[in-house]
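S.K.: Below is entry-v3.cif; it holds mmCIF, C-alpha atoms and all ligand atoms.
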```
data_start
#
loop_
_atom_site.label_atom_id
_atom_site.label_comp_id
_atom_site.auth_asym_id
_atom_site.auth_seq_id
_atom_site.Cartn_x
_atom_site.Cartn_y
_atom_site.Cartn_z
CA MET C 1 9.65 -30.35 20.49
CA LEU C 2 7.61 -33.53 20.86
CA ARG C 3 6.45 -34.11 24.47
CA VAL C 4 6.71 -37.82 25.29
CA GLY C 5 5.41 -39.52 28.43
CA PHE C 6 6.05 -43.10 29.58
CA ILE C 7 3.90 -45.61 31.47
CA GLY C 8 5.37 -48.91 32.73
CA LEU C 9 8.95 -48.59 34.00
CA GLY C 10 9.73 -52.31 34.17
CA ALA C 11 12.72 -54.27 32.87
CA MET C 12 12.01 -52.97 29.35
CA GLY C 13 10.26 -49.69 30.03
CA LEU C 14 12.88 -48.08 32.26
CA PRO C 15 15.78 -48.30 29.76
CA MET C 16 13.43 -47.26 26.94
CA ALA C 17 12.37 -44.20 28.94
CA LEU C 18 16.02 -43.36 29.60
CA ASN C 19 16.68 -43.38 25.86
CA LEU C 20 13.76 -41.00 25.32
CA HIS C 21 15.35 -38.76 27.96
CA ARG C 22 18.75 -38.90 26.20
CA ALA C 23 16.99 -37.85 22.98
CA GLY C 24 15.54 -34.85 24.85
CA LEU C 25 11.94 -36.07 24.43
CA LEU C 26 10.86 -37.39 27.84
CA VAL C 27 8.67 -34.98 29.84
CA GLY C 28 7.33 -37.36 32.47
CA ALA C 29 6.42 -40.87 33.55
CA TRP C 30 3.91 -42.77 35.63
CA ASN C 31 4.46 -46.19 37.17
CA ARG C 32 2.04 -48.24 39.26
CA THR C 33 4.77 -48.70 41.86
CA ARG C 34 5.52 -45.03 42.38
CA ALA C 35 9.11 -45.43 43.62
CA ARG C 36 10.24 -46.39 40.10
CA ALA C 37 8.86 -43.18 38.60
CA GLU C 38 10.41 -41.14 41.39
CA ALA C 39 13.82 -42.74 40.80
CA LEU C 40 13.56 -41.93 37.08
CA ALA C 41 12.51 -38.37 37.90
CA ALA C 42 15.49 -37.93 40.23
CA GLU C 43 17.85 -39.20 37.52
CA THR C 44 16.41 -37.31 34.55
CA GLY C 45 14.49 -34.28 35.81
CA ALA C 46 11.32 -35.60 34.14
CA THR C 47 8.08 -35.38 36.15
CA ALA C 48 6.85 -38.34 38.21
CA ALA C 49 3.12 -37.97 37.53
CA ALA C 50 0.66 -38.64 40.34
CA ASN C 51 -1.62 -40.65 38.04
CA PRO C 52 -1.87 -41.71 34.38
CA ALA C 53 -4.33 -38.95 33.45
CA GLU C 54 -2.08 -36.19 34.81
CA LEU C 55 0.76 -37.49 32.65
CA ALA C 56 -1.44 -37.95 29.57
CA ALA C 57 -2.70 -34.36 29.67
CA GLY C 58 0.77 -33.00 28.87
CA CYS C 59 1.85 -35.43 26.13
CA ASP C 60 1.85 -35.49 22.34
CA VAL C 61 3.05 -39.10 22.42
CA LEU C 62 2.47 -41.51 25.30
CA VAL C 63 4.49 -44.73 25.31
CA THR C 64 3.12 -47.67 27.29
CA CYS C 65 5.02 -50.86 28.18
CA VAL C 66 2.99 -52.89 30.68
CA SER C 67 2.68 -56.63 31.30
CA ALA C 68 -0.41 -57.99 29.59
CA ASP C 69 -3.72 -57.35 27.80
CA ASP C 70 -5.90 -56.35 30.78
CA ASP C 71 -3.13 -54.10 32.11
CA LEU C 72 -2.95 -52.22 28.82
CA LEU C 73 -6.73 -51.75 28.60
CA GLU C 74 -6.78 -50.49 32.21
CA VAL C 75 -4.10 -47.91 31.35
CA ILE C 76 -5.91 -46.90 28.13
CA ASP C 77 -9.15 -46.32 30.08
CA ALA C 78 -7.25 -44.16 32.57
CA VAL C 79 -5.51 -41.96 29.96
CA ALA C 80 -8.18 -41.70 27.25
CA PRO C 81 -10.23 -38.89 28.84
CA ALA C 82 -7.12 -36.76 29.47
CA LEU C 83 -5.13 -37.05 26.22
CA PRO C 84 -4.93 -33.88 24.10
CA ALA C 85 -6.70 -34.19 20.73
CA GLY C 86 -4.33 -35.65 18.16
CA ALA C 87 -2.06 -37.30 20.72
CA VAL C 88 -0.78 -40.77 19.84
CA VAL C 89 -0.41 -43.71 22.24
CA VAL C 90 2.48 -46.00 21.28
CA ASP C 91 2.06 -49.36 22.99
CA CYS C 92 5.23 -51.44 23.27
CA SER C 93 3.68 -54.20 25.43
CA THR C 94 3.15 -57.62 23.91
CA VAL C 95 -0.61 -58.26 23.76
CA ALA C 96 -3.08 -59.89 21.36
CA ALA C 97 -3.81 -58.17 18.05
CA ALA C 98 -7.47 -58.00 19.11
CA THR C 99 -6.47 -56.11 22.29
CA ALA C 100 -4.52 -53.61 20.19
CA ARG C 101 -7.62 -53.05 18.05
CA ALA C 102 -9.76 -52.59 21.19
CA ALA C 103 -7.30 -50.02 22.57
CA ALA C 104 -7.27 -48.17 19.22
CA ALA C 105 -11.08 -48.03 19.18
CA LYS C 106 -11.22 -46.57 22.71
CA LEU C 107 -8.68 -43.89 21.74
CA ALA C 108 -10.29 -43.10 18.38
CA ALA C 109 -13.48 -42.31 20.32
CA VAL C 110 -11.66 -39.43 22.08
CA GLY C 111 -9.75 -38.24 18.99
CA ALA C 112 -6.42 -39.83 19.88
CA GLY C 113 -4.32 -42.22 17.77
CA PHE C 114 -2.85 -45.61 18.58
CA LEU C 115 0.08 -47.61 17.25
CA ASP C 116 0.82 -51.17 18.35
CA CYS C 117 4.61 -51.21 18.56
CA PRO C 118 5.72 -54.43 20.24
CA VAL C 119 9.47 -54.80 20.46
CA SER C 120 12.12 -57.49 20.26
CA GLY C 121 15.75 -57.40 21.36
CA GLY C 122 15.49 -57.98 25.10
CA THR C 123 16.61 -55.76 27.92
CA GLU C 124 19.98 -55.36 26.17
CA GLY C 125 18.28 -53.93 23.07
CA ALA C 126 16.14 -51.68 25.28
CA ALA C 127 19.25 -50.30 27.01
CA ALA C 128 21.17 -49.82 23.76
CA GLY C 129 18.24 -48.23 21.92
CA THR C 130 18.49 -50.89 19.23
CA LEU C 131 15.13 -52.63 19.63
CA SER C 132 13.35 -54.08 16.63
CA ILE C 133 9.98 -52.29 16.63
CA MET C 134 7.06 -53.90 14.76
CA VAL C 135 4.47 -51.25 13.96
CA GLY C 136 0.74 -51.53 13.29
CA GLY C 137 -1.37 -48.45 12.65
CA ASP C 138 -1.91 -45.40 10.45
CA GLU C 139 0.95 -43.84 8.53
CA THR C 140 0.06 -40.39 9.93
CA HIS C 141 0.28 -41.62 13.53
CA LEU C 142 3.59 -43.30 12.74
CA ALA C 143 4.96 -40.08 11.29
CA ALA C 144 3.95 -38.19 14.47
CA ALA C 145 5.53 -40.76 16.79
CA ARG C 146 8.62 -41.54 14.70
CA PRO C 147 11.13 -39.43 16.73
CA ALA C 148 10.13 -41.35 19.88
CA LEU C 149 10.42 -44.69 18.10
CA GLU C 150 13.83 -43.74 16.71
CA ALA C 151 15.06 -42.96 20.23
CA MET C 152 14.17 -46.50 21.37
CA GLY C 153 14.72 -48.68 18.30
CA GLY C 154 17.31 -49.60 15.72
CA SER C 155 14.73 -50.99 13.30
CA ILE C 156 11.22 -49.63 12.80
CA VAL C 157 9.11 -51.67 10.37
CA HIS C 158 5.52 -50.72 9.51
CA LEU C 159 3.61 -53.97 8.91
CA GLY C 160 0.04 -52.77 8.31
CA PRO C 161 -3.03 -51.50 10.19
CA VAL C 162 -3.49 -51.65 13.99
CA GLY C 163 -2.90 -55.26 15.12
CA ALA C 164 -0.28 -56.02 12.45
CA GLY C 165 2.57 -55.18 14.83
CA GLN C 166 1.24 -57.67 17.39
CA ALA C 167 0.72 -60.32 14.69
CA ALA C 168 4.40 -59.88 13.75
CA LYS C 169 5.43 -60.07 17.40
CA ALA C 170 3.46 -63.32 17.85
CA THR C 171 5.37 -64.68 14.86
CA ASN C 172 8.60 -63.60 16.56
CA GLN C 173 7.63 -65.29 19.84
CA ILE C 174 7.00 -68.63 18.13
CA MET C 175 10.52 -68.37 16.69
CA VAL C 176 11.97 -67.45 20.11
CA ALA C 177 10.31 -70.57 21.56
CA GLY C 178 11.84 -72.78 18.87
CA ILE C 179 15.27 -71.22 19.32
CA ASN C 180 15.09 -71.64 23.11
CA GLN C 181 14.07 -75.28 22.65
CA ALA C 182 16.91 -75.93 20.19
CA VAL C 183 19.68 -74.10 22.06
CA THR C 184 18.90 -75.45 25.55
CA GLU C 185 18.38 -79.02 24.35
CA ALA C 186 21.50 -79.02 22.16
CA LEU C 187 23.74 -77.51 24.88
CA ALA C 188 22.45 -80.02 27.44
CA PHE C 189 23.32 -82.76 24.91
CA GLY C 190 26.75 -81.23 24.30
CA ARG C 191 27.47 -81.20 28.01
CA ALA C 192 26.38 -84.83 28.34
CA GLN C 193 28.95 -85.60 25.62
CA GLY C 194 31.64 -84.19 27.93
CA LEU C 195 32.48 -81.27 25.60
CA PRO C 196 34.26 -78.11 26.89
CA MET C 197 31.19 -75.87 26.93
CA ASP C 198 32.74 -72.40 26.49
CA ARG C 199 34.73 -73.63 23.48
CA LEU C 200 31.66 -75.42 22.13
CA ILE C 201 29.68 -72.15 22.17
CA THR C 202 32.54 -70.33 20.42
CA ALA C 203 32.60 -73.00 17.72
CA LEU C 204 28.82 -73.06 17.25
CA GLU C 205 28.29 -69.32 17.09
CA GLN C 206 30.65 -69.05 14.10
CA GLY C 207 28.62 -71.53 12.05
CA ALA C 208 25.14 -72.12 10.67
CA ALA C 209 23.66 -72.68 14.15
CA GLY C 210 24.91 -69.32 15.46
CA ASN C 211 22.16 -67.06 16.84
CA TRP C 212 21.46 -64.20 19.28
CA PHE C 213 20.17 -66.44 22.07
CA LEU C 214 23.15 -68.82 21.91
CA SER C 215 25.64 -65.93 22.12
CA ARG C 216 23.79 -63.93 24.81
CA ARG C 217 22.36 -66.68 27.04
CA GLY C 218 24.54 -69.72 26.26
CA PRO C 219 27.56 -68.63 28.38
CA THR C 220 25.40 -68.05 31.47
CA MET C 221 23.12 -71.06 31.19
CA ILE C 222 26.07 -73.48 31.08
CA ARG C 223 27.10 -72.07 34.49
CA GLY C 224 23.60 -72.60 35.89
CA GLU C 225 22.86 -68.85 35.81
CA TYR C 226 19.73 -67.40 34.22
CA PRO C 227 19.91 -63.60 34.54
CA LEU C 228 16.90 -61.61 33.23
CA GLY C 229 16.37 -61.23 30.39
CA PHE C 230 12.95 -62.24 29.51
CA LYS C 231 10.76 -63.87 32.11
CA VAL C 232 9.33 -67.37 31.57
CA GLY C 233 5.96 -66.02 32.74
CA LEU C 234 5.95 -63.30 30.06
CA HIS C 235 6.95 -65.69 27.27
CA ALA C 236 4.26 -68.15 28.40
CA LYS C 237 1.78 -65.25 28.23
CA ASP C 238 2.94 -64.49 24.67
CA LEU C 239 2.69 -68.14 23.65
CA GLU C 240 -0.89 -68.25 24.98
CA ILE C 241 -1.57 -65.32 22.63
CA CYS C 242 0.03 -67.28 19.75
CA ARG C 243 -2.06 -70.33 20.70
CA ARG C 244 -5.30 -68.29 20.58
CA MET C 245 -4.37 -66.64 17.27
CA ALA C 246 -3.49 -70.04 15.72
CA ALA C 247 -6.72 -71.57 17.10
CA GLU C 248 -8.67 -68.84 15.23
CA LEU C 249 -7.19 -70.43 12.07
CA GLY C 250 -8.01 -73.97 13.31
CA VAL C 251 -4.33 -74.83 13.92
CA LYS C 252 -2.33 -76.13 16.91
CA LEU C 253 1.35 -75.16 16.70
CA PRO C 254 3.72 -77.93 17.94
CA VAL C 255 6.52 -75.57 19.04
CA VAL C 256 4.04 -73.44 21.01
CA GLU C 257 2.37 -76.44 22.66
CA MET C 258 5.68 -78.11 23.57
CA THR C 259 7.21 -74.95 24.99
CA LEU C 260 4.15 -74.15 27.12
CA LEU C 261 4.26 -77.72 28.45
CA HIS C 262 7.98 -77.47 29.24
CA TYR C 263 7.62 -74.07 30.94
CA ALA C 264 4.85 -75.56 33.11
CA ARG C 265 7.22 -78.39 34.09
CA LEU C 266 9.97 -76.02 35.28
CA PRO C 267 10.14 -76.27 39.06
CA ALA C 268 8.72 -73.22 40.87
CA PRO C 269 9.52 -70.33 41.15
CA SER C 270 10.11 -70.30 37.40
CA ALA C 271 7.76 -67.54 36.19
CA ASP C 272 10.24 -64.81 37.17
CA GLU C 273 13.32 -66.59 35.78
CA ASP C 274 14.83 -65.94 32.37
CA ILE C 275 13.58 -68.25 29.62
CA SER C 276 17.08 -69.75 29.36
CA ALA C 277 16.18 -71.63 32.60
CA LEU C 278 14.68 -74.19 30.21
CA PHE C 279 18.27 -75.50 30.15
CA ARG C 280 17.63 -76.97 33.64
CA LEU C 281 14.77 -79.10 32.36
CA LYS C 282 16.82 -80.25 29.36
CA SER C 283 19.84 -81.06 31.57
CA ASP C 284 17.62 -83.02 33.95
CA MET C 285 16.78 -85.39 31.08
CA PHE C 286 20.42 -86.46 30.90
CA ASP C 287 20.84 -86.55 34.69
CA ALA C 288 17.75 -88.77 34.97
CA SER C 289 19.19 -91.17 32.36
CA ASP C 290 22.19 -91.78 34.68
CA ASP C 291 19.92 -93.21 37.37
P1 LIG C 301 8.15 -56.09 33.94
O1 LIG C 301 7.37 -57.10 34.71
O2 LIG C 301 9.57 -55.86 34.26
O3 LIG C 301 7.40 -54.65 34.01
C1 LIG C 301 6.02 -54.53 33.82
C2 LIG C 301 5.64 -53.08 33.97
O4 LIG C 301 4.23 -52.93 33.74
C3 LIG C 301 5.91 -52.51 35.37
O5 LIG C 301 6.28 -51.15 35.26
C4 LIG C 301 4.54 -52.66 36.04
O6 LIG C 301 4.35 -51.78 37.13
C5 LIG C 301 3.65 -52.31 34.89
N1 LIG C 301 2.27 -52.81 35.04
C6 LIG C 301 1.88 -54.10 35.03
N2 LIG C 301 0.54 -54.18 35.19
C7 LIG C 301 0.10 -52.91 35.29
C8 LIG C 301 -1.19 -52.35 35.46
N3 LIG C 301 -2.30 -53.10 35.56
N4 LIG C 301 -1.29 -51.00 35.51
C9 LIG C 301 -0.18 -50.23 35.42
N5 LIG C 301 1.06 -50.70 35.27
C10 LIG C 301 1.20 -52.03 35.20
O7 LIG C 301 7.95 -56.53 32.40
P2 LIG C 301 8.88 -56.20 31.14
O8 LIG C 301 9.31 -54.78 31.20
O9 LIG C 301 9.88 -57.29 30.98
O10 LIG C 301 7.80 -56.40 29.96
C11 LIG C 301 6.83 -55.41 29.64
C12 LIG C 301 6.19 -55.79 28.31
O11 LIG C 301 7.19 -55.86 27.30
C13 LIG C 301 5.49 -57.16 28.36
O12 LIG C 301 4.31 -57.13 27.59
C14 LIG C 301 6.52 -58.09 27.73
O13 LIG C 301 5.92 -59.22 27.16
C15 LIG C 301 7.17 -57.17 26.71
N6 LIG C 301 8.55 -57.52 26.33
C16 LIG C 301 9.49 -57.90 27.27
C17 LIG C 301 10.78 -58.21 26.87
C18 LIG C 301 11.84 -58.61 27.84
O14 LIG C 301 12.92 -59.09 27.39
N7 LIG C 301 11.65 -58.43 29.14
C19 LIG C 301 11.18 -58.17 25.45
C20 LIG C 301 10.15 -57.68 24.58
C21 LIG C 301 8.89 -57.39 25.02
P3 LIG C 301 4.97 -52.13 38.59
O15 LIG C 301 6.36 -51.52 38.60
O16 LIG C 301 4.06 -51.48 39.54
O17 LIG C 301 4.99 -53.63 38.72
#
```
Could you quickly redo this structure as structure tokens?
Ligand code: NDP
M.R.:
Amino acid sequence: MLRVGFIGLGAMGLPMALNLHRAGLLVGAWNRTRARAEALAAETGATAAANPAELAAGCDVLVTCVSADDDLLEVIDAVAPALPAGAVVVDCSTVAAATARAAAAKLAAVGAGFLDCPVSGGTEGAAAGTLSIMVGGDETHLAAARPALEAMGGSIVHLGPVGAGQAAKATNQIMVAGINQAVTEALAFGRAQGLPMDRLITALEQGAAGNWFLSRRGPTMIRGEYPLGFKVGLHAKDLEICRRMAAELGVKLPVVEMTLLHYARLPAPSADEDISALFRLKSDMFDASDD
């Protein structure tokens, strides 16, 4: 049986680790804030490792899901010396493609594999085990890690060598920005027209404008609630990645630039709110026009 360990029990990582447990694959976890690993251990019987290296030493596959690029590289440095030869690190964080390639190089130097496996589908998809997983890396590493990926995802698409998964995820995040812009702005407009908002959402989701974000976040945003979700701060981090990757091609992306600007204009403390809080900014436009 594959021995899978997990690092990064946050909003995404915890439900993903629970799905690995349900599949009978999870042997242990490590989290920077130890209480989270201890709670998972109490619930599942998996080990709460004292440090990343202790966990890595007993794993065939190690899944990581941490915040950002430097966090991932810190974790990779901590686990690399301890991983058994042939082990594969599956990183589900969203980081730059170049960071994925740097992590893969560090692991290749100690005989371990690496797959960049960023995910989409939100905390709901993480809980349901239906995440869309975008894979970059070697076919052999993918074959070794596949049972773990299948426990966490509903769709596993191999897009190319290391970095290709993150390039696909950056593409996804540009689309998420555009959808957030369109849904929040349109619903703020609909409300300013005096429409019955619940019925409006029902009507819209049946037609050509229907989408995941409208159905999942529309009903809460119209009540002024923005449950997590996906934090503004994390999406802004992803859009900075998109901005850098586009700049390498000499391009500035309007949707990326506008969304970063609008996130920066959200009144503090916005970084820990769900991205649907953009609805506040869009609603304020109409409120301001009443003055
Ligand atoms: P959270 O902020 O909820 O969790 C982050 C996790 O990473 C925590 O377990 C945190 O530990 C850990 N961590 C952060 N920095 C370090 C570090 N330097 N060393 C060790 N551990 C660290 O974030 P999410 O779970 O929401 O997101 C995780 C990743 O998944 C991000 O890259 C995000 O962009 C991506 N993602 C998020 C989605 C979402 O809807 N939330 C959807 C798809 C992808 P601690 O508990 O100590 O803080």
S.K.: For ligand LIG 301 (chain C), collect every residue having any atom at a distance of at most 7 Å from a ligand atom (counting only C-alpha atoms and all ligand atoms); output as number ranges by chain.
M.R.: C: 7-13, 31-33, 36, 65-68, 70-72, 74-75, 92-95, 118-123, 229-231, 234-235, 238
S.K.: What separation in Å, quoted to one decimal, exists between CA of Val89 in chain C and CA of His141 in chain C?
M.R.: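 Distance between the two atoms: 9.0 Å.
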S.K.: List as an mmCIF file with C-alpha atoms, keeping the file's coordinate frame: which residues have an atom within 10 Å of (20.8, -66.0, 36.8), counting only C-alpha atoms?
M.R.:
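What landed in part_29.cif:
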```
data_model
loop_
_atom_site.group_PDB
_atom_site.id
_atom_site.type_symbol
_atom_site.label_atom_id
_atom_site.label_comp_id
_atom_site.auth_asym_id
_atom_site.auth_seq_id
_atom_site.Cartn_x
_atom_site.Cartn_y
_atom_site.Cartn_z
ATOM 1 C CA ARG C 217 22.360 -66.680 27.040
ATOM 2 C CA THR C 220 25.400 -68.050 31.470
ATOM 3 C CA MET C 221 23.120 -71.060 31.190
ATOM 4 C CA ARG C 223 27.100 -72.070 34.490
ATOM 5 C CA GLY C 224 23.600 -72.600 35.890
ATOM 6 C CA GLU C 225 22.860 -68.850 35.810
ATOM 7 C CA TYR C 226 19.730 -67.400 34.220
ATOM 8 C CA PRO C 227 19.910 -63.600 34.540
ATOM 9 C CA LEU C 228 16.900 -61.610 33.230
ATOM 10 C CA GLY C 229 16.370 -61.230 30.390
ATOM 11 C CA GLU C 273 13.320 -66.590 35.780
ATOM 12 C CA ASP C 274 14.830 -65.940 32.370
ATOM 13 C CA SER C 276 17.080 -69.750 29.360
ATOM 14 C CA ALA C 277 16.180 -71.630 32.600
#
```
S.K.: Of the candidates C:Ala96, C:Cys117, C:Val4, C:Ala186, which shows the shortest atom-to-atom distance to Leu83 in chain C, using only C-alpha atoms?
M.R.: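 Result for the nearest residue to Leu83 in chain C: C:Val4.
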S.K.: Which residue is closest to Val135 in chain C? Choose from C:Ala103, C:Val176, C:Ala188, C:Val90 and count only C-alpha atoms.
M.R.: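 Closest to Val135 in chain C, using only C-alpha atoms: C:Val90.
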S.K.: Find the residue from C:Ala246, C:Leu26, C:Ala268, C:Leu18 that sits nearest to Pro147 in chain C; use all atoms listed in the file when measuring.
M.R.: C:Leu26
S.K.: Work out how far CA of Gly153 in chain C is from CA of Met1 in chain C, in Å to one decimal.
M.R.: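 Between these atoms lies a distance of 19.1 Å.
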S.K.: Using only C-alpha atoms, which residues sit within 8 Å of Ala170 in chain C once same-chain residues fewer than 4 positions away are excluded, as a list in words?
M.R.: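 In the requested format, the answer is Gln166, Ile174, Asp238, Leu239, Ile241 and Cys242 of chain C.
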S.K.: For the residues selected in the previous step, produce a file with C-alpha atoms as a compact mmCIF listing (two decimals), in the coordinates of the input.
M.R.:
```txt
# COMPACT_ATOMS: atom_id res chain seq x y z
CA GLN C 166 1.24 -57.67 17.39
CA ILE C 174 7.00 -68.63 18.13
CA ASP C 238 2.94 -64.49 24.67
CA LEU C 239 2.69 -68.14 23.65
CA ILE C 241 -1.57 -65.32 22.63
CA CYS C 242 0.03 -67.28 19.75
```
S.K.: Range 110-189 of chain C near range 51-64 of chain C within 12 Å: what's each residue's closest atom pair and its distance in Å to one decimal, counting only C-alpha atoms, ordered by chain then ascending residue number, as a tab-separated table?
M.R.:
```
residue	atom	partner	partner_atom	distance
C:Ala112	CA	C:Asp60	CA	9.7
C:Gly113	CA	C:Val61	CA	9.3
C:Phe114	CA	C:Leu62	CA	9.5
C:Leu115	CA	C:Val63	CA	9.6
C:Asp116	CA	C:Thr64	CA	9.9
C:Cys117	CA	C:Val63	CA	9.4
C:Pro118	CA	C:Thr64	CA	10.1
C:Val119	CA	C:Thr64	CA	11.7
C:His141	CA	C:Val61	CA	9.6
C:Leu142	CA	C:Val61	CA	10.6
C:Ala143	CA	C:Val61	CA	11.3
C:Ala144	CA	C:Val61	CA	8.1
C:Ala145	CA	C:Val61	CA	6.4
C:Arg146	CA	C:Val61	CA	9.8
C:Pro147	CA	C:Val61	CA	9.9
C:Ala148	CA	C:Val61	CA	7.9
C:Leu149	CA	C:Val63	CA	9.3
C:Ala151	CA	C:Val63	CA	11.9
C:Met152	CA	C:Val63	CA	10.6
```
S.K.: Report the distance between CA of Ala82 in chain C and CA of Gly111 in chain C in Å, rounded to one decimal place.
M.R.: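 Value for the CA of Ala82 in chain C-CA of Gly111 in chain C distance: 10.9 Å.
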